[in-house]
Amino acid sequence: MEMTVNTDIQAVVLGFQSALAAIEGELKNKELANRLRGVFDDTINALLPTKYFAYAEGSDSVSIFDDEETRDNYIDYVRNDFEGSLHNDDEELNLKPISYEEFTELFDNGNNPDLYTANEEFGELVYTV
């Protein structure tokens with residue numbers, strides 16, 4: 001299945017991660033790193049309400065997408081892959097769209113840049129606690 005994906009949210013988060021790695025690791029500038037983490041908090045709190053989420057019930061992670069179509073295509077792809085794989089018939093894939101409000105109930109406000117990873121193939125940004 002070929003998908004057209006947007007990676008805007010990935011670019012923002014990965015950019016912050018790179019900057020923080022340089023500031024905290026190479027420069028060892030704790031004050032600047034704390035300020036940048038504050039800017040990340042403000043930025044992510046402005047961006048996340050405009051994004052789309054997919055969540056598997058009971059999981060410790062959520063997938064975040066720039067647009068509804070990409071999220072829905074991802075869910076369809078994962079479901080088709082799951083159904084086509086050899087799995088226990090008792091297993092069920094409970095991957096579903098969730099709202100921003102549901103995201104905040106499960107994962108707070110997503111303001112820790114260290115807890116994000118990106119899957120560029122699907123335009124998926126994963127937040128894991």
# chains A, B, ... in the order shown; residues from 1 in each chain; ligands from 1

$ residues_around --residues "stretch 55-59 of chain A" --least-positions-apart "6" --cutoff "8 Å" --atoms "only C-alpha atoms" --output "list in words"
Leu93, Asn94, Leu95, Lys96, Pro97 and Ile98 of chain A

$ residues_around --residues "stretch 70-80 of chain A" --least-positions-apart "2" --cutoff "7 Å" --atoms "only C-alpha atoms" --output "PyMOL selection string"
chain A and resi 5+52-54+65+67-68+82-84+95+122

$ select_by_dssp --residues "chain A" --states "strand (DSSP E or B)" --output "ChimeraX atom specification"
/A:52-56,61-65,95-98,116-119,124-128

$ atom_distance --atom1 "atom CA of A:Glu105" --atom2 "atom CA of A:Asp42"
18.5 Å

$ closest_residue --among "A:Tyr100, A:Asn34, A:Tyr127, A:Phe16" --to "A:Ala46" --atoms "only C-alpha atoms"
A:Tyr100

$ residues_around --residues "A:Arg37" --least-positions-apart "6" --cutoff "12 Å" --atoms "only C-alpha atoms" --output "list in words"
Val13, Phe16, Gln17, Ala19, Leu20, Ala21, Ile23, Glu24, Lys30, Glu31, Thr43, Ile44, Asn111, Asn112, Pro113 and Asp114 of chain A

$ write_last_selection --atoms "C-alpha atoms" --output "PDB file, in the first residue's frame"
ATOM      1  CA  VAL A  13       9.947  17.120  17.327  1.00  0.00           C
ATOM      2  CA  PHE A  16      13.982  19.870  19.078  1.00  0.00           C
ATOM      3  CA  GLN A  17      15.541  16.498  19.911  1.00  0.00           C
ATOM      4  CA  ALA A  19      18.997  20.744  19.332  1.00  0.00           C
ATOM      5  CA  LEU A  20      18.625  19.371  22.854  1.00  0.00           C
ATOM      6  CA  ALA A  21      21.164  16.627  22.198  1.00  0.00           C
ATOM      7  CA  ILE A  23      22.946  21.647  23.908  1.00  0.00           C
ATOM      8  CA  GLU A  24      22.812  19.065  26.684  1.00  0.00           C
ATOM      9  CA  LYS A  30      21.731  23.191  31.336  1.00  0.00           C
ATOM     10  CA  GLU A  31      20.169  26.663  31.462  1.00  0.00           C
ATOM     11  CA  THR A  43       5.170  24.406  20.831  1.00  0.00           C
ATOM     12  CA  ILE A  44       3.856  20.884  21.375  1.00  0.00           C
ATOM     13  CA  ASN A 111       5.585  17.569  26.583  1.00  0.00           C
ATOM     14  CA  ASN A 112       8.645  15.347  27.012  1.00  0.00           C
ATOM     15  CA  PRO A 113      10.677  15.448  23.791  1.00  0.00           C
ATOM     16  CA  ASP A 114      12.728  12.449  24.955  1.00  0.00           C
TER      17      ASP A 114
END
